[in-house]
Amino acid sequence: MNRYRYEIDNVRSHLRSLWVVIAFQGLVIAALWVAFMRLPSTITVHIPPDLRNGASLAFEDVPRPNVYTFAFYILQQLNRWPENGAQDYGAAIFRTSAYLTPEFREALITDMHNTARVGELTHRVRGVQAIPGERFSERRVDIISDSEWHVWLDLELSETVKGMTVKRTRIRYPVRVVRYAVDAETNPWGLALAGYAGRGPSRIDDSSTDTQSKETQ
């Protein structure tokens, strides 16, 4: 009789041990679930375009070529007025607003109103493109901090009014780019244009492009 009693006690003890293990596993699963739910839904990793020599990056690092490409693309979109600047300028600001800081967006809106007031937007078609032979180089992106860069873009600006060319010139845009990871859904880059550095855009001639340092402006 005692032998059966001991067996029953052993089984009960084993069951209690199993319940302890199950409870512990339940706590671990709950903790992992909470941690999983707190993870960001997306993580942006900026991969440099040239990987011939390999790359070791933290996910928050932004290589210079990526900053340059971002600045060029967004600035080109801002200056793309395909039909009529009176409507296209505002549409361009709205279309790229997720890639602009609030301060720069307001500055652009103010510039739009001022330019429209003097009649310089009506029927104006504008576009900017890279100057042939101009491309990314290390000196074109200054690292100001972990969250700010100054990008030097040499672009060709062309404008027409009712089919007549009114402007065709080369301009150097010193663009400020900042880290701006506030909405990964609409801005997967996690970057934004924050305005212009220094004295802002300035005209350049052929001798000022690529071969001439930006400090000689």
# chains A, B, ... in the order shown; residues from 1 in each chain; ligands from 1
>>> select_by_dssp(residues="segment 63-153 of chain A", states="alpha helix (DSSP H)", output="PyMOL selection string")
chain A and resi 64-78+85-95+102-117
>>> residues_around(residues="segment 91-95 of chain A", least_positions_apart="3", cutoff="7 Å", atoms="only C-alpha atoms", output="mmCIF file with N, CA and C atoms, in the first residue's frame")
data_model
loop_
_atom_site.group_PDB
_atom_site.id
_atom_site.type_symbol
_atom_site.label_atom_id
_atom_site.label_comp_id
_atom_site.auth_asym_id
_atom_site.auth_seq_id
_atom_site.Cartn_x
_atom_site.Cartn_y
_atom_site.Cartn_z
ATOM 1 N N GLN A 77 12.413 67.178 -58.437
ATOM 2 C CA GLN A 77 10.954 67.114 -58.414
ATOM 3 C C GLN A 77 10.347 68.459 -58.023
ATOM 4 N N LEU A 78 10.982 69.173 -57.110
ATOM 5 C CA LEU A 78 10.483 70.495 -56.708
ATOM 6 C C LEU A 78 10.516 71.485 -57.862
ATOM 7 N N GLN A 87 0.249 76.630 -61.274
ATOM 8 C CA GLN A 87 -0.334 75.458 -60.611
ATOM 9 C C GLN A 87 0.734 74.428 -60.236
ATOM 10 N N ASP A 88 1.744 74.289 -61.075
ATOM 11 C CA ASP A 88 2.720 73.211 -60.900
ATOM 12 C C ASP A 88 3.637 73.422 -59.700
#
>>> atom_distance(atom1="atom CA of Val161 of chain A", atom2="atom CA of Arg124 of chain A")
4.7 Å
>>> residues_around(residues="segment 153-157 of chain A", least_positions_apart="5", cutoff="9 Å", atoms="only C-alpha atoms", output="list of chain:residue names")
A:Tyr68, A:Ala71, A:Phe72, A:Asn79, A:Arg126, A:Gly127, A:Val128, A:Gln129, A:Ala130, A:Ile131, A:Glu134, A:Arg135, A:Phe136, A:Arg140, A:Lys167, A:Arg168, A:Thr169, A:Arg170, A:Ile171, A:Arg172, A:Tyr173, A:Pro174, A:Val175, A:Ile204, A:Thr209, A:Asp210
>>> write_last_selection(atoms="C-alpha atoms", output="mmCIF file, in the first residue's frame")
data_model
loop_
_atom_site.group_PDB
_atom_site.id
_atom_site.type_symbol
_atom_site.label_atom_id
_atom_site.label_comp_id
_atom_site.auth_asym_id
_atom_site.auth_seq_id
_atom_site.Cartn_x
_atom_site.Cartn_y
_atom_site.Cartn_z
ATOM 1 C CA TYR A 68 23.491 63.011 -52.737
ATOM 2 C CA ALA A 71 18.929 65.601 -52.511
ATOM 3 C CA PHE A 72 19.166 65.560 -56.315
ATOM 4 C CA ASN A 79 11.661 72.278 -59.833
ATOM 5 C CA ARG A 126 10.701 74.721 -65.519
ATOM 6 C CA GLY A 127 13.047 71.789 -65.202
ATOM 7 C CA VAL A 128 16.497 71.029 -63.813
ATOM 8 C CA GLN A 129 18.886 68.305 -64.885
ATOM 9 C CA ALA A 130 22.390 67.176 -64.090
ATOM 10 C CA ILE A 131 25.121 68.903 -66.063
ATOM 11 C CA GLU A 134 28.766 66.028 -63.328
ATOM 12 C CA ARG A 135 28.317 63.174 -60.881
ATOM 13 C CA PHE A 136 28.720 62.271 -57.255
ATOM 14 C CA ARG A 140 29.982 67.138 -52.894
ATOM 15 C CA LYS A 167 16.255 81.153 -68.881
ATOM 16 C CA ARG A 168 18.945 78.523 -69.348
ATOM 17 C CA THR A 169 21.685 78.666 -66.782
ATOM 18 C CA ARG A 170 23.826 76.542 -64.511
ATOM 19 C CA ILE A 171 23.219 76.874 -60.811
ATOM 20 C CA ARG A 172 24.962 75.502 -57.738
ATOM 21 C CA TYR A 173 22.488 74.471 -55.049
ATOM 22 C CA PRO A 174 23.968 74.002 -51.546
ATOM 23 C CA VAL A 175 21.197 71.822 -50.118
ATOM 24 C CA ILE A 204 28.103 79.153 -62.033
ATOM 25 C CA THR A 209 31.806 72.848 -62.367
ATOM 26 C CA ASP A 210 33.429 69.697 -61.043
#
>>> select_by_dssp(residues="segment 32-194 of chain A", states="strand (DSSP E)", output="PyMOL selection string")
chain A and resi 124-130+141-145+148-161+164-179+191-194
>>> residues_around(residues="Ile144 of chain A", least_positions_apart="4", cutoff="12 Å", atoms="only C-alpha atoms", output="VMD selection string")
chain A and resid 64 148 to 151 176 to 179 197
>>> closest_residue(among="A:Phe70, A:Tyr99, A:Trp152, A:Phe104", to="Val182 of chain A", atoms="only C-alpha atoms")
A:Tyr99
>>> decode(residues="segment 78-115 of chain A", atoms="N, CA and C atoms", output="PDB file, in the first residue's frame")
ATOM      1  N   LEU A  78      10.982  69.173 -57.110  1.00  0.00           N
ATOM      2  CA  LEU A  78      10.483  70.495 -56.708  1.00  0.00           C
ATOM      3  C   LEU A  78      10.516  71.485 -57.862  1.00  0.00           C
ATOM      4  N   ASN A  79      11.486  71.331 -58.733  1.00  0.00           N
ATOM      5  CA  ASN A  79      11.661  72.278 -59.833  1.00  0.00           C
ATOM      6  C   ASN A  79      11.128  71.735 -61.152  1.00  0.00           C
ATOM      7  N   ARG A  80      10.218  70.789 -61.076  1.00  0.00           N
ATOM      8  CA  ARG A  80       9.600  70.263 -62.289  1.00  0.00           C
ATOM      9  C   ARG A  80       8.211  70.857 -62.438  1.00  0.00           C
ATOM     10  N   TRP A  81       8.088  71.848 -63.332  1.00  0.00           N
ATOM     11  CA  TRP A  81       6.802  72.474 -63.643  1.00  0.00           C
ATOM     12  C   TRP A  81       6.502  72.159 -65.107  1.00  0.00           C
ATOM     13  N   PRO A  82       5.776  71.113 -65.396  1.00  0.00           N
ATOM     14  CA  PRO A  82       5.632  70.642 -66.778  1.00  0.00           C
ATOM     15  C   PRO A  82       4.719  71.473 -67.657  1.00  0.00           C
ATOM     16  N   GLU A  83       3.783  72.234 -67.090  1.00  0.00           N
ATOM     17  CA  GLU A  83       2.817  72.950 -67.917  1.00  0.00           C
ATOM     18  C   GLU A  83       2.662  74.417 -67.542  1.00  0.00           C
ATOM     19  N   ASN A  84       2.460  74.689 -66.241  1.00  0.00           N
ATOM     20  CA  ASN A  84       2.162  76.060 -65.819  1.00  0.00           C
ATOM     21  C   ASN A  84       2.595  76.219 -64.364  1.00  0.00           C
ATOM     22  N   GLY A  85       3.621  77.026 -64.147  1.00  0.00           N
ATOM     23  CA  GLY A  85       4.151  77.202 -62.806  1.00  0.00           C
ATOM     24  C   GLY A  85       3.134  77.699 -61.804  1.00  0.00           C
ATOM     25  N   ALA A  86       2.093  78.406 -62.271  1.00  0.00           N
ATOM     26  CA  ALA A  86       1.070  78.924 -61.366  1.00  0.00           C
ATOM     27  C   ALA A  86       0.369  77.788 -60.625  1.00  0.00           C
ATOM     28  N   GLN A  87       0.249  76.630 -61.274  1.00  0.00           N
ATOM     29  CA  GLN A  87      -0.334  75.458 -60.611  1.00  0.00           C
ATOM     30  C   GLN A  87       0.734  74.428 -60.236  1.00  0.00           C
ATOM     31  N   ASP A  88       1.744  74.289 -61.075  1.00  0.00           N
ATOM     32  CA  ASP A  88       2.720  73.211 -60.900  1.00  0.00           C
ATOM     33  C   ASP A  88       3.637  73.422 -59.700  1.00  0.00           C
ATOM     34  N   TYR A  89       3.956  74.680 -59.364  1.00  0.00           N
ATOM     35  CA  TYR A  89       4.850  74.943 -58.230  1.00  0.00           C
ATOM     36  C   TYR A  89       4.199  74.431 -56.942  1.00  0.00           C
ATOM     37  N   GLY A  90       2.956  74.809 -56.724  1.00  0.00           N
ATOM     38  CA  GLY A  90       2.261  74.343 -55.520  1.00  0.00           C
ATOM     39  C   GLY A  90       2.086  72.835 -55.514  1.00  0.00           C
ATOM     40  N   ALA A  91       1.786  72.262 -56.688  1.00  0.00           N
ATOM     41  CA  ALA A  91       1.618  70.810 -56.776  1.00  0.00           C
ATOM     42  C   ALA A  91       2.918  70.092 -56.449  1.00  0.00           C
ATOM     43  N   ALA A  92       4.051  70.661 -56.868  1.00  0.00           N
ATOM     44  CA  ALA A  92       5.349  70.048 -56.587  1.00  0.00           C
ATOM     45  C   ALA A  92       5.657  70.084 -55.086  1.00  0.00           C
ATOM     46  N   ILE A  93       5.319  71.196 -54.438  1.00  0.00           N
ATOM     47  CA  ILE A  93       5.528  71.289 -52.989  1.00  0.00           C
ATOM     48  C   ILE A  93       4.670  70.256 -52.261  1.00  0.00           C
ATOM     49  N   PHE A  94       3.418  70.141 -52.678  1.00  0.00           N
ATOM     50  CA  PHE A  94       2.517  69.180 -52.048  1.00  0.00           C
ATOM     51  C   PHE A  94       2.998  67.746 -52.288  1.00  0.00           C
ATOM     52  N   ARG A  95       3.456  67.459 -53.512  1.00  0.00           N
ATOM     53  CA  ARG A  95       3.867  66.106 -53.870  1.00  0.00           C
ATOM     54  C   ARG A  95       5.099  65.663 -53.082  1.00  0.00           C
ATOM     55  N   THR A  96       5.981  66.590 -52.763  1.00  0.00           N
ATOM     56  CA  THR A  96       7.225  66.242 -52.073  1.00  0.00           C
ATOM     57  C   THR A  96       7.198  66.631 -50.594  1.00  0.00           C
ATOM     58  N   SER A  97       6.054  67.003 -50.072  1.00  0.00           N
ATOM     59  CA  SER A  97       5.983  67.544 -48.710  1.00  0.00           C
ATOM     60  C   SER A  97       6.502  66.567 -47.651  1.00  0.00           C
ATOM     61  N   ALA A  98       6.365  65.263 -47.882  1.00  0.00           N
ATOM     62  CA  ALA A  98       6.859  64.284 -46.903  1.00  0.00           C
ATOM     63  C   ALA A  98       8.376  64.283 -46.819  1.00  0.00           C
ATOM     64  N   TYR A  99       9.041  64.884 -47.824  1.00  0.00           N
ATOM     65  CA  TYR A  99      10.502  64.904 -47.886  1.00  0.00           C
ATOM     66  C   TYR A  99      11.060  66.298 -47.601  1.00  0.00           C
ATOM     67  N   LEU A 100      10.228  67.159 -47.028  1.00  0.00           N
ATOM     68  CA  LEU A 100      10.637  68.518 -46.673  1.00  0.00           C
ATOM     69  C   LEU A 100      10.380  68.742 -45.189  1.00  0.00           C
ATOM     70  N   THR A 101      11.279  69.455 -44.538  1.00  0.00           N
ATOM     71  CA  THR A 101      10.987  69.837 -43.157  1.00  0.00           C
ATOM     72  C   THR A 101       9.864  70.870 -43.171  1.00  0.00           C
ATOM     73  N   PRO A 102       9.091  70.981 -42.096  1.00  0.00           N
ATOM     74  CA  PRO A 102       8.006  71.974 -42.068  1.00  0.00           C
ATOM     75  C   PRO A 102       8.502  73.394 -42.343  1.00  0.00           C
ATOM     76  N   GLU A 103       9.680  73.743 -41.834  1.00  0.00           N
ATOM     77  CA  GLU A 103      10.199  75.098 -42.033  1.00  0.00           C
ATOM     78  C   GLU A 103      10.514  75.347 -43.506  1.00  0.00           C
ATOM     79  N   PHE A 104      11.135  74.380 -44.163  1.00  0.00           N
ATOM     80  CA  PHE A 104      11.470  74.568 -45.577  1.00  0.00           C
ATOM     81  C   PHE A 104      10.212  74.581 -46.434  1.00  0.00           C
ATOM     82  N   ARG A 105       9.245  73.757 -46.081  1.00  0.00           N
ATOM     83  CA  ARG A 105       7.985  73.752 -46.830  1.00  0.00           C
ATOM     84  C   ARG A 105       7.300  75.112 -46.753  1.00  0.00           C
ATOM     85  N   GLU A 106       7.262  75.715 -45.562  1.00  0.00           N
ATOM     86  CA  GLU A 106       6.656  77.033 -45.416  1.00  0.00           C
ATOM     87  C   GLU A 106       7.439  78.091 -46.189  1.00  0.00           C
ATOM     88  N   ALA A 107       8.776  77.963 -46.202  1.00  0.00           N
ATOM     89  CA  ALA A 107       9.592  78.917 -46.958  1.00  0.00           C
ATOM     90  C   ALA A 107       9.303  78.815 -48.449  1.00  0.00           C
ATOM     91  N   LEU A 108       9.109  77.595 -48.939  1.00  0.00           N
ATOM     92  CA  LEU A 108       8.789  77.409 -50.353  1.00  0.00           C
ATOM     93  C   LEU A 108       7.411  77.964 -50.682  1.00  0.00           C
ATOM     94  N   ILE A 109       6.455  77.764 -49.796  1.00  0.00           N
ATOM     95  CA  ILE A 109       5.111  78.307 -50.020  1.00  0.00           C
ATOM     96  C   ILE A 109       5.151  79.835 -50.065  1.00  0.00           C
ATOM     97  N   THR A 110       5.916  80.445 -49.166  1.00  0.00           N
ATOM     98  CA  THR A 110       6.068  81.900 -49.173  1.00  0.00           C
ATOM     99  C   THR A 110       6.706  82.365 -50.471  1.00  0.00           C
ATOM    100  N   ASP A 111       7.750  81.648 -50.917  1.00  0.00           N
ATOM    101  CA  ASP A 111       8.406  82.003 -52.185  1.00  0.00           C
ATOM    102  C   ASP A 111       7.430  81.872 -53.349  1.00  0.00           C
ATOM    103  N   MET A 112       6.594  80.849 -53.321  1.00  0.00           N
ATOM    104  CA  MET A 112       5.601  80.657 -54.381  1.00  0.00           C
ATOM    105  C   MET A 112       4.639  81.842 -54.441  1.00  0.00           C
ATOM    106  N   HIS A 113       4.143  82.272 -53.276  1.00  0.00           N
ATOM    107  CA  HIS A 113       3.210  83.401 -53.247  1.00  0.00           C
ATOM    108  C   HIS A 113       3.884  84.692 -53.734  1.00  0.00           C
ATOM    109  N   ASN A 114       5.118  84.925 -53.299  1.00  0.00           N
ATOM    110  CA  ASN A 114       5.829  86.133 -53.704  1.00  0.00           C
ATOM    111  C   ASN A 114       6.104  86.142 -55.201  1.00  0.00           C
ATOM    112  N   THR A 115       6.485  84.974 -55.737  1.00  0.00           N
ATOM    113  CA  THR A 115       6.777  84.888 -57.169  1.00  0.00           C
ATOM    114  C   THR A 115       5.502  85.046 -57.994  1.00  0.00           C
TER     115      THR A 115
END
